[in-house]
$ cat data_19.cif   # mmCIF, C-alpha atoms and all ligand atoms
data_upload
#
loop_
_atom_site.group_PDB
_atom_site.id
_atom_site.type_symbol
_atom_site.label_atom_id
_atom_site.label_comp_id
_atom_site.auth_asym_id
_atom_site.auth_seq_id
_atom_site.Cartn_x
_atom_site.Cartn_y
_atom_site.Cartn_z
ATOM 1 C CA MET G 197 0.000 0.000 0.000
ATOM 2 C CA ASP G 198 2.944 2.301 0.625
ATOM 3 C CA ASP G 199 3.891 1.831 -3.043
ATOM 4 C CA LEU G 200 0.412 2.929 -4.142
ATOM 5 C CA ARG G 201 0.384 5.925 -1.824
ATOM 6 C CA ALA G 202 3.743 7.029 -3.221
ATOM 7 C CA ALA G 203 2.483 6.459 -6.782
ATOM 8 C CA LEU G 204 -0.387 8.916 -6.264
ATOM 9 C CA ALA G 205 2.149 11.715 -6.766
ATOM 10 C CA ASP G 206 2.250 10.910 -10.502
ATOM 11 C CA PRO G 207 -0.893 12.510 -11.973
ATOM 12 C CA SER G 208 -0.621 10.447 -15.176
ATOM 13 C CA ARG G 209 -1.387 7.327 -13.136
ATOM 14 C CA ALA G 210 1.487 5.537 -14.891
ATOM 15 C CA ALA G 211 3.106 4.967 -11.507
ATOM 16 C CA ILE G 212 -0.029 3.344 -10.081
ATOM 17 C CA GLU G 213 -0.300 1.267 -13.256
ATOM 18 C CA GLU G 214 3.245 0.035 -12.694
ATOM 19 C CA VAL G 215 2.589 -0.957 -9.062
ATOM 20 C CA VAL G 216 -0.630 -2.763 -10.014
ATOM 21 C CA ALA G 217 1.052 -4.508 -12.963
ATOM 22 C CA ARG G 218 3.765 -5.788 -10.662
ATOM 23 C CA ALA G 219 1.170 -7.129 -8.209
ATOM 24 C CA VAL G 220 -1.025 -8.951 -10.745
ATOM 25 C CA CYS G 221 1.824 -10.576 -12.660
ATOM 26 C CA GLU G 222 2.700 -12.605 -9.568
ATOM 27 C CA PRO G 223 -0.646 -13.923 -8.303
ATOM 28 C CA ALA G 224 0.927 -16.337 -5.793
ATOM 29 C CA ALA G 225 2.665 -13.474 -4.000
ATOM 30 C CA LEU G 226 -0.485 -11.343 -4.233
ATOM 31 C CA PHE G 227 -2.644 -14.096 -2.715
ATOM 32 C CA ARG G 228 -0.320 -14.276 0.282
ATOM 33 C CA GLU G 229 -1.322 -10.644 0.905
ATOM 34 C CA ILE G 230 -5.029 -10.643 0.019
ATOM 35 C CA GLY G 231 -6.021 -14.326 0.116
ATOM 36 C CA GLU G 232 -6.992 -16.613 -2.731
ATOM 37 C CA PRO G 233 -10.329 -15.825 -4.383
ATOM 38 C CA ASP G 234 -12.976 -18.273 -3.183
ATOM 39 C CA THR G 235 -16.336 -16.474 -3.342
ATOM 40 C CA ALA G 236 -17.588 -13.545 -5.386
ATOM 41 C CA GLY G 237 -17.685 -10.164 -3.689
ATOM 42 C CA ILE G 238 -16.100 -6.816 -3.059
ATOM 43 C CA ARG G 239 -13.346 -6.686 -0.517
ATOM 44 C CA ILE G 240 -12.150 -3.261 0.480
ATOM 45 C CA LEU G 241 -8.428 -3.562 1.053
ATOM 46 C CA TYR G 242 -7.759 0.115 1.735
ATOM 47 C CA ARG G 243 -9.885 3.251 1.987
ATOM 48 C CA ALA G 244 -8.799 6.855 2.394
ATOM 49 C CA SER G 245 -9.941 10.218 1.027
ATOM 50 C CA ASP G 246 -7.465 10.011 -1.861
ATOM 51 C CA LEU G 247 -7.120 6.266 -2.461
ATOM 52 C CA THR G 248 -9.386 3.215 -2.465
ATOM 53 C CA VAL G 249 -8.150 -0.300 -3.213
ATOM 54 C CA ILE G 250 -10.679 -3.050 -3.839
ATOM 55 C CA ASN G 251 -10.331 -6.745 -4.489
ATOM 56 C CA ALA G 252 -13.196 -7.375 -6.925
ATOM 57 C CA ILE G 253 -14.086 -11.040 -7.347
ATOM 58 C CA TRP G 254 -16.663 -11.561 -10.045
ATOM 59 C CA ALA G 255 -19.176 -14.396 -10.030
ATOM 60 C CA PRO G 256 -19.382 -16.549 -13.155
ATOM 61 C CA ASN G 257 -20.960 -14.529 -15.998
ATOM 62 C CA GLN G 258 -21.666 -11.576 -13.660
ATOM 63 C CA PHE G 259 -22.661 -8.284 -15.322
ATOM 64 C CA ALA G 260 -22.247 -4.766 -13.967
ATOM 65 C CA PRO G 261 -24.474 -2.196 -15.753
ATOM 66 C CA PRO G 262 -23.008 1.028 -17.173
ATOM 67 C CA HIS G 263 -21.654 3.309 -14.442
ATOM 68 C CA GLU G 264 -19.150 6.071 -13.868
ATOM 69 C CA HIS G 265 -16.571 6.535 -11.128
ATOM 70 C CA ARG G 266 -15.930 10.319 -11.203
ATOM 71 C CA MET G 267 -12.323 9.574 -10.324
ATOM 72 C CA GLY G 268 -9.402 7.888 -12.003
ATOM 73 C CA ALA G 269 -9.155 4.103 -11.812
ATOM 74 C CA VAL G 270 -6.516 1.497 -12.516
ATOM 75 C CA ILE G 271 -7.812 -2.042 -13.054
ATOM 76 C CA GLY G 272 -5.435 -4.996 -12.877
ATOM 77 C CA MET G 273 -6.629 -8.531 -13.566
ATOM 78 C CA TYR G 274 -5.007 -11.284 -11.550
ATOM 79 C CA GLY G 275 -7.303 -14.080 -12.777
ATOM 80 C CA GLY G 276 -10.017 -14.734 -15.348
ATOM 81 C CA ARG G 277 -11.403 -11.938 -17.513
ATOM 82 C CA GLU G 278 -13.265 -8.632 -17.353
ATOM 83 C CA ASP G 279 -14.783 -7.577 -20.663
ATOM 84 C CA ASN G 280 -15.413 -3.828 -20.695
ATOM 85 C CA MET G 281 -17.847 -1.897 -22.861
ATOM 86 C CA PHE G 282 -17.229 1.848 -22.891
ATOM 87 C CA TRP G 283 -20.037 4.360 -23.240
ATOM 88 C CA ARG G 284 -20.330 8.090 -23.831
ATOM 89 C CA ARG G 285 -23.084 10.520 -23.056
ATOM 90 C CA VAL G 286 -25.314 11.438 -25.993
ATOM 91 C CA ALA G 287 -24.603 15.144 -25.901
ATOM 92 C CA GLU G 288 -27.197 16.424 -28.320
ATOM 93 C CA ASN G 289 -30.447 15.324 -26.689
ATOM 94 C CA GLY G 290 -29.718 16.324 -23.084
ATOM 95 C CA THR G 291 -31.423 13.227 -21.658
ATOM 96 C CA GLY G 292 -28.369 11.802 -19.972
ATOM 97 C CA ASN G 293 -28.590 8.757 -22.208
ATOM 98 C CA ILE G 294 -25.463 7.013 -23.406
ATOM 99 C CA GLU G 295 -24.224 5.297 -26.529
ATOM 100 C CA LEU G 296 -21.561 2.688 -27.059
ATOM 101 C CA SER G 297 -18.072 3.999 -27.805
ATOM 102 C CA GLY G 298 -15.760 1.004 -27.606
ATOM 103 C CA GLY G 299 -14.603 -1.988 -25.687
ATOM 104 C CA GLN G 300 -11.632 -3.641 -24.063
ATOM 105 C CA ALA G 301 -11.238 -7.264 -23.020
ATOM 106 C CA LEU G 302 -8.953 -7.702 -20.032
ATOM 107 C CA ALA G 303 -7.272 -11.020 -19.253
ATOM 108 C CA ALA G 304 -5.113 -12.109 -16.348
ATOM 109 C CA GLY G 305 -2.036 -9.907 -16.144
ATOM 110 C CA ASP G 306 -3.641 -7.025 -18.038
ATOM 111 C CA VAL G 307 -3.796 -3.556 -16.510
ATOM 112 C CA THR G 308 -5.794 -0.596 -17.784
ATOM 113 C CA VAL G 309 -6.094 3.034 -16.728
ATOM 114 C CA LEU G 310 -9.559 4.624 -16.813
ATOM 115 C CA GLY G 311 -9.909 8.405 -16.834
ATOM 116 C CA ARG G 312 -12.235 10.137 -14.403
ATOM 117 C CA ASP G 313 -14.990 10.614 -17.013
ATOM 118 C CA VAL G 314 -15.112 7.019 -18.204
ATOM 119 C CA ILE G 315 -18.474 5.226 -18.282
ATOM 120 C CA HIS G 316 -18.236 1.460 -18.545
ATOM 121 C CA SER G 317 -20.147 -1.765 -18.120
ATOM 122 C CA VAL G 318 -18.360 -4.968 -17.263
ATOM 123 C CA VAL G 319 -19.023 -8.664 -17.697
ATOM 124 C CA ASN G 320 -17.151 -11.708 -16.511
ATOM 125 C CA PRO G 321 -17.548 -13.858 -19.631
ATOM 126 C CA LEU G 322 -16.277 -16.990 -17.897
ATOM 127 C CA ALA G 323 -18.150 -19.766 -16.090
ATOM 128 C CA ARG G 324 -15.806 -19.345 -13.135
ATOM 129 C CA LEU G 325 -14.655 -16.567 -10.818
ATOM 130 C CA SER G 326 -12.600 -13.695 -12.175
ATOM 131 C CA GLY G 327 -10.577 -11.394 -9.970
ATOM 132 C CA ALA G 328 -9.047 -7.941 -10.224
ATOM 133 C CA LEU G 329 -7.490 -5.208 -8.175
ATOM 134 C CA HIS G 330 -9.390 -1.940 -8.612
ATOM 135 C CA VAL G 331 -7.475 1.130 -7.487
ATOM 136 C CA TYR G 332 -9.285 4.503 -7.397
ATOM 137 C CA ASP G 333 -7.626 7.862 -6.757
ATOM 138 C CA GLY G 334 -10.290 9.032 -4.295
ATOM 139 C CA ASP G 335 -12.775 7.759 -1.732
ATOM 140 C CA PHE G 336 -14.692 5.490 -4.071
ATOM 141 C CA LEU G 337 -17.390 4.671 -1.525
ATOM 142 C CA ALA G 338 -18.237 8.301 -0.756
ATOM 143 C CA VAL G 339 -18.561 9.827 -4.231
ATOM 144 C CA THR G 340 -21.942 10.739 -5.753
ATOM 145 C CA ARG G 341 -22.143 9.246 -9.225
ATOM 146 C CA SER G 342 -24.476 7.796 -11.838
ATOM 147 C CA MET G 343 -25.348 4.475 -13.335
ATOM 148 C CA TRP G 344 -27.430 3.759 -16.427
ATOM 149 C CA ASN G 345 -30.381 1.453 -16.796
ATOM 150 C CA PRO G 346 -29.095 -1.426 -18.960
ATOM 151 C CA GLU G 347 -32.382 -1.643 -20.872
ATOM 152 C CA THR G 348 -33.264 2.026 -21.467
ATOM 153 C CA LEU G 349 -29.713 3.438 -21.096
ATOM 154 C CA SER G 350 -31.155 6.306 -19.076
ATOM 155 C CA GLU G 351 -29.159 7.905 -16.251
ATOM 156 C CA GLU G 352 -30.000 7.101 -12.647
ATOM 157 C CA PRO G 353 -28.349 7.986 -9.345
ATOM 158 C CA TYR G 354 -25.868 5.360 -8.287
ATOM 159 C CA ASP G 355 -27.146 3.596 -5.202
ATOM 160 C CA LEU G 356 -24.258 2.848 -2.882
ATOM 161 C CA ARG G 357 -26.406 0.323 -1.025
ATOM 162 C CA THR G 358 -26.485 -1.717 -4.207
ATOM 163 C CA VAL G 359 -22.720 -1.960 -4.053
ATOM 164 C CA LEU G 360 -22.657 -2.868 -0.405
ATOM 165 C CA THR G 361 -25.507 -5.383 -0.375
ATOM 166 C CA THR G 362 -24.946 -7.373 -3.523
ATOM 167 C CA PRO G 363 -21.992 -9.707 -4.114
ATOM 168 C CA VAL G 364 -20.410 -7.453 -6.749
ATOM 169 C CA GLY G 365 -22.709 -4.566 -7.536
ATOM 170 C CA GLY G 366 -21.288 -2.712 -10.472
ATOM 171 C CA LEU G 367 -17.878 -1.461 -9.607
HETATM 172 FE FE FE G 401 -16.343 0.467 -12.741
#
$ encode --input "data_19.cif" --output "structure tokens" --more "lines below"
Ligand SMILES: [Fe+2]
Amino acid sequence: MDDLRAALADPSRAAIEEVVARAVCEPAALFREIGEPDTAGIRILYRASDLTVINAIWAPNQFAPPHEHRMGAVIGMYGGREDNMFWRRVAENGTGNIELSGGQALAAGDVTVLGRDVIHSVVNPLARLSGALHVYDGDFLAVTRSMWNPETLSEEPYDLRTVLTTPVGGL
């Protein structure tokens, strides 16, 4: 955690990316620190006003609807896959709706940096658990943010209770 705190000084997030990449490329060493993934869920490893570290263990085929973070994020897969779809707001109609803008499939060992304005949905495409370190450069559990209805793609307030009361509720 000291490495991550020190890495916050680099605003490009390349330093955090490097620390996370080092952690996920050696899962055995990582599991000695955070435990081996056994059940799906969110485990908060560290929480401060400027840094949140989460161990996100995805259930088989679990889907997280489109959501934003309103802070930078670095995602590092240590096992399985996270398939990301990226979305952007439809600027011209003012409804808060979104449209698809791209995608990125993450496999074990992959690390990606998400800017503070990113909107994404995530699926674990595998019939087994997938696991990732999610590092946010703020207090991820305190921020007010939005999610989007997966059927209508309309904007809704993000409900923190959803995150805290479901196994993995749309990180
Ligand atoms: Fe997310």
$ residues_near_ligand --input "data_19.cif" --ligand "ligand FE 401 (chain G)" --cutoff "10 Å" --atoms "only C-alpha atoms and all ligand atoms" --output "ChimeraX atom specification"
/G:260-266,269-271,280,310,314-318,330,332,343,365-367
$ atom_distance --input "data_19.cif" --atom1 "atom CA of Ser342 of chain G" --atom2 "atom CA of Arg201 of chain G"
26.9 Å
$ closest_residue --input "data_19.cif" --among "G:Gly231, G:Gly272, G:Gly334, G:Gly327" --to "Leu247 of chain G" --atoms "only C-alpha atoms"
G:Gly334
$ residues_around --input "data_19.cif" --residues "Ile253 of chain G" --least-positions-apart "6" --cutoff "8 Å" --atoms "only C-alpha atoms" --output "mmCIF file with C-alpha atoms, keeping the file's coordinate frame"
data_model
loop_
_atom_site.group_PDB
_atom_site.id
_atom_site.type_symbol
_atom_site.label_atom_id
_atom_site.label_comp_id
_atom_site.auth_asym_id
_atom_site.auth_seq_id
_atom_site.Cartn_x
_atom_site.Cartn_y
_atom_site.Cartn_z
ATOM 1 C CA PRO G 233 -10.329 -15.825 -4.383
ATOM 2 C CA THR G 235 -16.336 -16.474 -3.342
ATOM 3 C CA ALA G 236 -17.588 -13.545 -5.386
ATOM 4 C CA GLY G 237 -17.685 -10.164 -3.689
ATOM 5 C CA ILE G 238 -16.100 -6.816 -3.059
ATOM 6 C CA LEU G 325 -14.655 -16.567 -10.818
ATOM 7 C CA SER G 326 -12.600 -13.695 -12.175
ATOM 8 C CA GLY G 327 -10.577 -11.394 -9.970
ATOM 9 C CA ALA G 328 -9.047 -7.941 -10.224
ATOM 10 C CA VAL G 364 -20.410 -7.453 -6.749
#
$ closest_residue --input "data_19.cif" --among "G:Gln300, G:Asn257, G:Asn293, G:Ser245" --to "Ser350 of chain G" --atoms "all atoms listed in the file"
G:Asn293
$ closest_residue --input "data_19.cif" --among "G:Val331, G:Gly276, G:Thr308, G:Trp254" --to "Ala203 of chain G" --atoms "all atoms listed in the file"
G:Val331
$ axis_aligned_box --input "data_19.cif" --around "segment 344-356 of chain G" --padding-each-side "5 Å" --output "JSON"
{"center_x": -28.8, "center_y": 3.2, "center_z": -12.2, "size_x": 19.0, "size_y": 19.6, "size_z": 28.6}
$ resolve_selection --input "data_19.cif" --expression "the PyMOL selection byres (((chain G and resi 244) around 10) and not hetatm)" --output "VMD selection string"
chain G and resid 242 to 243 245 to 249 333 to 337
$ atom_distance --input "data_19.cif" --atom1 "atom CA of Ala217 of chain G" --atom2 "atom CA of Ala323 of chain G"
24.7 Å
$ atom_distance --input "data_19.cif" --atom1 "atom CA of Pro256 of chain G" --atom2 "atom CA of Arg228 of chain G"
23.4 Å
$ resolve_selection --input "data_19.cif" --expression "the PyMOL selection byres (((chain G and resi 199) around 10) and not hetatm)" --output "number ranges by chain"
G: 197-198, 200-204, 211-212, 214-216
$ closest_residue --input "data_19.cif" --among "G:Ala255, G:Leu329, G:Val309, G:Met281" --to "Leu296 of chain G" --atoms "only C-alpha atoms"
G:Met281
$ closest_residue --input "data_19.cif" --among "G:Glu352, G:Glu213, G:Ile240, G:Gly311" --to "Met267 of chain G" --atoms "all atoms listed in the file"
G:Gly311
$ closest_residue --input "data_19.cif" --among "G:Leu349, G:Val319, G:Ala304, G:Ala338" --to "Gln258 of chain G" --atoms "all atoms listed in the file"
G:Val319
$ resolve_selection --input "data_19.cif" --expression "the PyMOL selection byres (((chain G and resi 221) around 10) and not hetatm)" --output "list in words"
Val216, Ala217, Arg218, Ala219, Val220, Glu222, Pro223, Ala224, Ala225, Leu226, Gly272, Met273, Tyr274, Gly275, Ala304, Gly305, Asp306 and Val307 of chain G
$ decode --input "data_19.cif" --residues "segment 234-349 of chain G" --atoms "C-alpha atoms" --output "short mmCIF file (atom, residue, chain, number, x, y, z; two decimals), in the first residue's frame"
data_model
loop_
_atom_site.label_atom_id
_atom_site.label_comp_id
_atom_site.auth_asym_id
_atom_site.auth_seq_id
_atom_site.Cartn_x
_atom_site.Cartn_y
_atom_site.Cartn_z
CA ASP G 234 -12.98 -18.27 -3.18
CA THR G 235 -16.34 -16.47 -3.34
CA ALA G 236 -17.59 -13.54 -5.39
CA GLY G 237 -17.69 -10.16 -3.69
CA ILE G 238 -16.10 -6.82 -3.06
CA ARG G 239 -13.35 -6.69 -0.52
CA ILE G 240 -12.15 -3.26 0.48
CA LEU G 241 -8.43 -3.56 1.05
CA TYR G 242 -7.76 0.12 1.74
CA ARG G 243 -9.88 3.25 1.99
CA ALA G 244 -8.80 6.85 2.39
CA SER G 245 -9.94 10.22 1.03
CA ASP G 246 -7.47 10.01 -1.86
CA LEU G 247 -7.12 6.27 -2.46
CA THR G 248 -9.39 3.22 -2.46
CA VAL G 249 -8.15 -0.30 -3.21
CA ILE G 250 -10.68 -3.05 -3.84
CA ASN G 251 -10.33 -6.74 -4.49
CA ALA G 252 -13.20 -7.38 -6.92
CA ILE G 253 -14.09 -11.04 -7.35
CA TRP G 254 -16.66 -11.56 -10.05
CA ALA G 255 -19.18 -14.40 -10.03
CA PRO G 256 -19.38 -16.55 -13.16
CA ASN G 257 -20.96 -14.53 -16.00
CA GLN G 258 -21.67 -11.58 -13.66
CA PHE G 259 -22.66 -8.28 -15.32
CA ALA G 260 -22.25 -4.77 -13.97
CA PRO G 261 -24.47 -2.20 -15.75
CA PRO G 262 -23.01 1.03 -17.17
CA HIS G 263 -21.65 3.31 -14.44
CA GLU G 264 -19.15 6.07 -13.87
CA HIS G 265 -16.57 6.53 -11.13
CA ARG G 266 -15.93 10.32 -11.20
CA MET G 267 -12.32 9.57 -10.32
CA GLY G 268 -9.40 7.89 -12.00
CA ALA G 269 -9.15 4.10 -11.81
CA VAL G 270 -6.52 1.50 -12.52
CA ILE G 271 -7.81 -2.04 -13.05
CA GLY G 272 -5.44 -5.00 -12.88
CA MET G 273 -6.63 -8.53 -13.57
CA TYR G 274 -5.01 -11.28 -11.55
CA GLY G 275 -7.30 -14.08 -12.78
CA GLY G 276 -10.02 -14.73 -15.35
CA ARG G 277 -11.40 -11.94 -17.51
CA GLU G 278 -13.26 -8.63 -17.35
CA ASP G 279 -14.78 -7.58 -20.66
CA ASN G 280 -15.41 -3.83 -20.69
CA MET G 281 -17.85 -1.90 -22.86
CA PHE G 282 -17.23 1.85 -22.89
CA TRP G 283 -20.04 4.36 -23.24
CA ARG G 284 -20.33 8.09 -23.83
CA ARG G 285 -23.08 10.52 -23.06
CA VAL G 286 -25.31 11.44 -25.99
CA ALA G 287 -24.60 15.14 -25.90
CA GLU G 288 -27.20 16.42 -28.32
CA ASN G 289 -30.45 15.32 -26.69
CA GLY G 290 -29.72 16.32 -23.08
CA THR G 291 -31.42 13.23 -21.66
CA GLY G 292 -28.37 11.80 -19.97
CA ASN G 293 -28.59 8.76 -22.21
CA ILE G 294 -25.46 7.01 -23.41
CA GLU G 295 -24.22 5.30 -26.53
CA LEU G 296 -21.56 2.69 -27.06
CA SER G 297 -18.07 4.00 -27.80
CA GLY G 298 -15.76 1.00 -27.61
CA GLY G 299 -14.60 -1.99 -25.69
CA GLN G 300 -11.63 -3.64 -24.06
CA ALA G 301 -11.24 -7.26 -23.02
CA LEU G 302 -8.95 -7.70 -20.03
CA ALA G 303 -7.27 -11.02 -19.25
CA ALA G 304 -5.11 -12.11 -16.35
CA GLY G 305 -2.04 -9.91 -16.14
CA ASP G 306 -3.64 -7.02 -18.04
CA VAL G 307 -3.80 -3.56 -16.51
CA THR G 308 -5.79 -0.60 -17.78
CA VAL G 309 -6.09 3.03 -16.73
CA LEU G 310 -9.56 4.62 -16.81
CA GLY G 311 -9.91 8.41 -16.83
CA ARG G 312 -12.23 10.14 -14.40
CA ASP G 313 -14.99 10.61 -17.01
CA VAL G 314 -15.11 7.02 -18.20
CA ILE G 315 -18.47 5.23 -18.28
CA HIS G 316 -18.24 1.46 -18.55
CA SER G 317 -20.15 -1.76 -18.12
CA VAL G 318 -18.36 -4.97 -17.26
CA VAL G 319 -19.02 -8.66 -17.70
CA ASN G 320 -17.15 -11.71 -16.51
CA PRO G 321 -17.55 -13.86 -19.63
CA LEU G 322 -16.28 -16.99 -17.90
CA ALA G 323 -18.15 -19.77 -16.09
CA ARG G 324 -15.81 -19.35 -13.13
CA LEU G 325 -14.65 -16.57 -10.82
CA SER G 326 -12.60 -13.69 -12.17
CA GLY G 327 -10.58 -11.39 -9.97
CA ALA G 328 -9.05 -7.94 -10.22
CA LEU G 329 -7.49 -5.21 -8.18
CA HIS G 330 -9.39 -1.94 -8.61
CA VAL G 331 -7.47 1.13 -7.49
CA TYR G 332 -9.28 4.50 -7.40
CA ASP G 333 -7.63 7.86 -6.76
CA GLY G 334 -10.29 9.03 -4.29
CA ASP G 335 -12.77 7.76 -1.73
CA PHE G 336 -14.69 5.49 -4.07
CA LEU G 337 -17.39 4.67 -1.52
CA ALA G 338 -18.24 8.30 -0.76
CA VAL G 339 -18.56 9.83 -4.23
CA THR G 340 -21.94 10.74 -5.75
CA ARG G 341 -22.14 9.25 -9.22
CA SER G 342 -24.48 7.80 -11.84
CA MET G 343 -25.35 4.47 -13.33
CA TRP G 344 -27.43 3.76 -16.43
CA ASN G 345 -30.38 1.45 -16.80
CA PRO G 346 -29.09 -1.43 -18.96
CA GLU G 347 -32.38 -1.64 -20.87
CA THR G 348 -33.26 2.03 -21.47
CA LEU G 349 -29.71 3.44 -21.10
#
